[in-house]
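To keep things clear, I will list the structure first and then write my remarks on it.
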There are 2 protein chains.
Amino acid sequence: MDGRRTTVRDMRRSNRSVILTSIFRDGPLSRFELGQHTLLSAASVSNLVGELLEERVVEEAGSVESDGGRPRVLLRVNPRFGYVIGAEVGETRVRVELFDLAMQLRAIAVYPIETATLDPESAVIYVTGGVAKVLEKAGVRPEDVLGLGVAVAGIVEGPAIVHAQTLGWEAVPFGAMLAAETDIPIQVDNGANTLGQAEMWFGAGRGATDAVVALVGSGVGAALVTGGSSYRGIRSSAGEWGHTTIMYGGRRCRCGSKGCLEAYVGAEGVLERFQLLNDGVAASGLDEEEAFTGLLDSVKRSKVAAKVVDDTIGYLGAGFANLVNLFNPERIVLGGWAGLLLGERYLPQLREAVGKHALRQPFAQVTIELCELGRDAVALGAATLPVLRLLRDGGVPVPRSFPAQVN
Amino acid sequence: MDGRRTTVRDMRRSNRSVILTSIFRDGPLSRFELGQHTLLSAASVSNLVGELLEERVVEEAGSVESDGGRPRVLLRVNPRFGYVIGAEVGETRVRVELFDLAMQLRAIAVYPIETATLDPESAVIYVTGGVAKVLEKAGVRPEDVLGLGVAVAGIVEGPAIVHAQTLGWEAVPFGAMLAAETDIPIQVDNGANTLGQAEMWFGAGRGATDAVVALVGSGVGAALVTGGSSYRGIRSSAGEWGHTTIMYGGRRCRCGSKGCLEAYVGAEGVLERFQLLNDGVAASGLDEEEAFTGLLDSVKRSKVAAKVVDDTIGYLGAGFANLVNLFNPERIVLGGWAGLLLGERYLPQLREAVGKHALRQPFAQVTIELCELGRDAVALGAATLPVLRLLRDGGVPVPRSFPAQVN
DNA sequence: CGACTAAGTTCACGATTTGTAAGAAGTGGA
DNA sequence: TCCACTTCTTACAAATCGTGAACTTAGTCG
């Protein structure tokens with residue numbers, strides 16, 4: 001099977017999708033404005049909107065006067081047409097959030113993980129338990145949930161198979177395991193990707209079509225967005241920016257290779273470098289985040305700290321420049337807790353460092369921004385997955401049927 | 001203006017495109033097979049093929065018996081429906097080639113460049129002269145040329161504006177300059193991209209949808225292909241792989257930065273490294289290509305040469321690994337004259353080096369191959385640009401009108 | 001020569017967008 | 001209160017398109 005045919009139904013679905021996406025993204029809109037946005041004729045807009053209104057995906061929201069004529073009726077996505085749930089399965093917690101279609105948070109459930117590693121079976125229990133909890137809290141019926149997006153800290157490939165080194169998961173069919181417990185449609189993705197998605201929709205990435213959301217925490221990753229949608233590669237493990245070699249033969253990285261970017265700008269790597277230069281003396285009794293903040297705060301007192309931070313900015317700048325040269329993006333968003341701490345203090349210096357390593361042409365076309373959402377946005381981003389699917393399908397909810405669909 | 005509407009005509013154009021592309025790519029095909037490939041109904045296939053036949057884009061090509069029933073009539077793209085021209089504007093030559101729609105070479109014109117730098121005006125004269133020449137040689141009328149694809153050694157952005165450091169061109173509106181001299185539709189692209197395109201269609205990239213064609217010559221570049229089509233970034237200067245930092249603070253590169261991949265694996269950089277280790281003694285009286293071949297041939301005799309080549313494979317492996325980690329491609333094709341010389345001798349070692357630096361998951365999903373077409377394929381790749389457009393538009397030639405369209 | 005088989009064609013039908021014209025919903029002035 | 005005016009909304013006919021079912025065509029085999 002080759003290229004895909006186009007039938008008359010694809011046309012309608014596509015136009016419904018265009019209209020619905022327009023309403024969702026650009027707020028309350030009149031039919032007239034929809035026509036301008038979508039280039040559809042007034043007749044078609046009316047027709048399609050009528051259908052969406054009938055199905056309750058869209059609702060009227062007041063009206064606005066117009067220079068003496070009939071007032072325009074505003075349309076918006078019906079926030080209560082359905083709900084979406086985003087779940088974050090991380091190393092230290094499982095977090096489940098319920099949103100309405102206006103992406104307003106309606107309920108939340110958080111479970112800290114005490115055990116060293118979270119096995120897949122427990123993760124399923126936490127997630128399904130969290131789903132039940134948020135449904136109850138918000139008073140929403142399960143059948144009104146359009147979908148559940150799950151973000152995991154690892155590589156997700158094919159039909160929701162998860163490989164997560166830090167959790168000790170290897171080829172875990174997490175999507176299928178969840179689908180066995182609920183008939184809510186499930187989508188699984190990498191946490192870095194969902195956080196990137198959240199920034200693209202609601203944060204510093206708004207309006208960009210070709211962007212990279214770089215995440216610097218203890219580890220380092222990136223979400224690539226090309227042509228308005230997330231780029232995943234042949235089997236959705238693209239974006240492993242943290243393990244690109246930036247110093248051939250350099251520091252050993254926990255991935256087993258040497259000279260990875262992560263070994264230089266990941267918080268763990270930065271602290272190790274500091275300890276090395278500081279005659280082996282490390283801040284004790286602090287967790288990684290406190291230690292990292294302490295390091296940043298001590299640059300004025302300590303020459304060693306200043307050098308370590310300075311180097312970090314340089315390395316990070318080179319890493320960004322690699323992205324600029326390879327992807328020619330329109331925007332790079334720096335996120336992650338360590339990235340945020342660094343960016344708050346050193347964004348100008350970072351921009352300068354990028355300029356030193358990037359080619360003039362693509363560098364002139366990119367803007368480098370700090371992320372706007374906290375790290376709690378991982379679940380929000382996961383919740384956008386079912387929304388994205390709804391918009392793409394023109395407002396037709398995914399049918400709930402066996403075999404449960406994954407991804 | 002936002003998302004694009006779909007009308008009933010887009011549907012037909014799209015289906016024509018699917019059918020025509022199928023016939024072009026998968027050789028002579030019967031209507032029946034077309035139906036299977038495209039999922040279109042037999043009625044629609046017949047209808048659309050009839051139209052294409054009527055317009056002479058497609059022609060019948062014999063028939064094949066079928067287990068006792070009516071024989072299937074084979075269809076192929078009419079090689080003489082139109083012709084395409086590919087031009088390569090390089091540092092040492094301008095090369096113009098004329099192809100029919102079966103991509104058979106019909107005529108060629110080559111102009112060596114003696115002067116140190118080729119100014120844009122002269123380049124226009126060479127190209128237009130070459131076009132006239134190949135038309136005359138092949139006995140083709142200008143109005144039968146569907147398009148002219150031009151490959152230049154530099155960054156091409158927006159409406160065919162060219163920045164070519166090595167030619168000394170800065171923001172040259174090369175497309176517009178050419179369009180002023182002829183009414184053949186013109187498309188301009190980077191030479192690395194067109195060579196990559198050629199490999200994807202006719203060489204080692206056949207069948208892949210997510211691939212990288214890496215070009216190692218005196219300099220280093222790459223063509224990125226994602227989801228079956230060339231990735232260009234926000235303003236089409238993506239793919240500058242040669243200037244990604246691989247050794248932070250390392251060797252100075254001609255781009256002005258330090259530690260670029262090109263400074264380590266580009267032929268110029270390799271020879272410099274050899275000279276450095278060899279007590280400053282360089283092979284004299286040889287051009288770069290001879291010197292590079294000589295270096296490779298001397299690894300058995302010279303420990304220094306062996307080390308330099310060994311290191312080169314290591315660096316290149318890390319560079320490939322970066323691509324593997326970031327893009328998760330299905331295939332990487334190594335090309336360029338130096339890449340070819342290296343690959344012929346050290347492909348297994350190179351694969352091993354990539355494995356050392358890449359993550360296990362994406363590495364297991366990629367195959368690394370040697371390119372199959374010589375460097376003369378740059379013009380062939382350029383000629384595919386108008387073909388691609390014809391296929392995309394479903395066999396409707398680009399109208400020749402003012403203002404001349406570029407890109 | 002006639003049945004059989006498979007490929008290709010014709011035609012009515014339903015789905016879809018579009019342009020046009022008619023209708024509806026307000027505003028402002030008499 | 002009524003009426004003209006402006007602007008948004010809807011109804012309808014026309015045009016286009018893919019589809020399914022019946023039909024035609026072209027070989028093969030007995």
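Chain labels follow the order of the structure tokens: the first chain is A, the next B, and so on; residue numbering restarts at 1 in every chain, and ligands are counted from 1 in their shown order.
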For this session: Up to 9 Å from chain A, what residues of chain D turn up? Count only C-alpha atoms (C1' of nucleotides) and give them as a VMD selection string.
Result: chain D and resid 5 to 10 17 to 18
Keeping only C-alpha atoms (C1' of nucleotides), take the residues you just selected and write them out as a compact mmCIF listing (two decimals), in the first residue's frame.
```txt
# COMPACT_ATOMS: atom_id res chain seq x y z
C1' DC D 5 -29.73 50.14 6.03
C1' DT D 6 -25.98 47.09 7.09
C1' DT D 7 -24.23 42.75 8.09
C1' DC D 8 -24.49 38.04 9.22
C1' DT D 9 -26.71 33.53 8.19
C1' DT D 10 -29.03 30.07 5.59
C1' DC D 17 -15.89 13.84 -7.62
C1' DG D 18 -15.29 8.89 -5.98
```
Stretch 212-357 of chain B: which residues are strand (DSSP E) by DSSP, as a tab-separated table (two decimals) with C-alpha atoms, in the first residue's frame?
```tsv
chain	number	residue	atom	x	y	z
B	212	VAL	CA	20.31	11.36	5.98
B	213	VAL	CA	22.68	11.62	3.04
B	214	ALA	CA	26.03	12.68	4.47
B	215	LEU	CA	28.51	14.29	2.13
B	216	VAL	CA	32.18	14.30	2.97
B	220	VAL	CA	31.16	18.36	5.00
B	221	GLY	CA	27.39	18.62	4.65
B	222	ALA	CA	24.23	16.58	4.82
B	223	ALA	CA	20.82	16.36	3.25
B	224	LEU	CA	18.01	15.51	5.65
B	225	VAL	CA	14.99	13.60	4.48
B	226	THR	CA	12.07	13.27	6.89
B	229	SER	CA	10.57	14.73	1.71
B	230	SER	CA	13.55	16.93	2.14
B	331	ARG	CA	19.22	4.93	6.84
B	332	ILE	CA	22.38	6.98	6.58
B	333	VAL	CA	24.10	7.18	3.21
B	334	LEU	CA	27.74	8.17	3.10
B	335	GLY	CA	28.71	10.12	0.01
```
For this session: Compile the contact shell of B:Leu52 as an NGL selection string: residues with an atom at most 12 Å away, counting only C-alpha atoms (C1' of nucleotides), same-chain residues fewer than 2 positions apart removed.
Result: :B and (13 or 15-17 or 19-20 or 23 or 45-50 or 54-60 or 75-78 or 81 or 391 or 394-396)
For this session: Quick one: everything within 10 Å of B:Asn325, counting only C-alpha atoms (C1' of nucleotides), minus sequence neighbours fewer than 2 positions away in the same chain. Send it as a PyMOL selection string.
Result: (chain A and resi 233+237-245) or (chain B and resi 320-323+327-329+357-363)
For this session: With a distance cut-off of 12 Å and only C-alpha atoms (C1' of nucleotides), select the neighbouring residues of A:Ala132, excluding the residue or stretch itself and same-chain residues fewer than 3 positions from it, and output the selection as JSON, numbers by chain.
Result: {"A": [85, 96, 97, 98, 107, 108, 109, 125, 126, 127, 128, 129, 135, 136, 137, 138, 139, 140, 141, 142, 145, 148, 181, 182, 184]}
